[in-house]
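I have placed the structure first, in the form of structure tokens, so that the comments after it can refer back to it.
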Amino acid sequence: MVRDTAEEGFDDSLGLDLFGDSVAEVREGIAPPLSSPSRAYLCDPRDIPYVLRKGYDLILSFLPPPSKSPMYREVRSCMQWSGAFRSQEDLFDADRRSVGRPIGTVRSFTDGRSPKTPVPTSLTDTLDGLTPSDVLFVRRYFEDLEHLFVSLKGVMRADTSACFFVGNAQMDGVTVRVDEVIPEIVGRAGLRVEDVTKVRVRDARRDLEDYRIDVSRVAG
């Protein structure tokens, strides 16, 4: 869990208790051992082993919000301490391959990139209010997510559930409505959004909110 230091009165123990209760609830509901044992995998969805494709019952992911604030505050230090980045080149390589938000600098995230997918119609008005550099950043953000959804289609059975948690953002006073754009790019990827639920108001003054987006595979 990553806590916003500006969020006064936040009690970490509440989140831990909620997590513990949820785990206990899941454990209680586990069916007797089947012929094929159940397993949970934690991995980058772009690197799901081929032998596991179309072998999932549930896919759960937390997507980064479209923010130009580098991810190092949540990820970079931990990855450096763990030895994931042995050199500056390793960091730059991870930044080029990062999905949705840079690990390093915004420039390394956008330099040399030009959009290759059509602009989602639900994003047109938002882009009209952004600077050219912000337009490129937002275009890459949603293009990354569209590639992610396309890859997920390859691992989802017809009866597989996918659940994504993601927040919206503001850039120079313009709200980027991920809850409106993601359903469109999910549809372009050959999947279908079953439900979009607002789960939290992150910052009421800036109209920042978090959403749960439930996705299924379209038959055929």
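To be explicit about the labels: the chains of the structure tokens are called A, B, and onward in the order shown, and within each one the residues are counted from 1, while ligands get numbers from 1 in the order they are shown.
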Show me, as an mmCIF file with N, CA and C atoms, in the first residue's frame, the residues that have an atom within 10 Å of Ser133 (chain A) when counting only C-alpha atoms, minus same-chain residues fewer than 5 positions from it.
```
data_model
loop_
_atom_site.group_PDB
_atom_site.id
_atom_site.type_symbol
_atom_site.label_atom_id
_atom_site.label_comp_id
_atom_site.auth_asym_id
_atom_site.auth_seq_id
_atom_site.Cartn_x
_atom_site.Cartn_y
_atom_site.Cartn_z
ATOM 1 N N VAL A 106 9.677 12.080 -17.636
ATOM 2 C CA VAL A 106 8.616 12.157 -18.633
ATOM 3 C C VAL A 106 9.216 12.199 -20.040
ATOM 4 N N ARG A 107 10.355 12.875 -20.184
ATOM 5 C CA ARG A 107 10.979 12.983 -21.499
ATOM 6 C C ARG A 107 11.370 11.614 -22.037
ATOM 7 N N THR A 110 8.336 9.822 -23.421
ATOM 8 C CA THR A 110 7.665 10.289 -24.632
ATOM 9 C C THR A 110 8.595 10.516 -25.815
ATOM 10 N N VAL A 138 -0.615 11.843 -22.739
ATOM 11 C CA VAL A 138 -1.917 11.182 -22.559
ATOM 12 C C VAL A 138 -2.164 10.176 -23.674
ATOM 13 N N ARG A 139 -1.766 10.517 -24.910
ATOM 14 C CA ARG A 139 -1.928 9.575 -26.015
ATOM 15 C C ARG A 139 -1.128 8.305 -25.753
#
```
- Hey, what's within 7 Å of region 162-178 of chain A if we count only C-alpha atoms and toss same-chain stuff fewer than 5 positions away? As a list in words, please? Leu58, Ile59, Leu60, Ser61, Phe62, Leu63, Pro64, Pro65, Pro66, Ser67, Thr126, Gly129, Leu208, Glu209, Asp210, Tyr211, Arg212, Ile213, Asp214, Val215 and Ser216 of chain A
- Message: Show me, as a PyMOL selection string, the residues that have an atom within 8 Å of Pro183 (chain A) when counting only C-alpha atoms, minus same-chain residues fewer than 3 positions from it.
- Response: chain A and resi 179-180+186-187+192-193
- Please identify which residues in region 77-182 of chain A DSSP calls alpha helix (DSSP H) from the backbone, and express them as a ChimeraX atom specification. /A:77-81,88-97,106-110,124-128,132-153,178-182
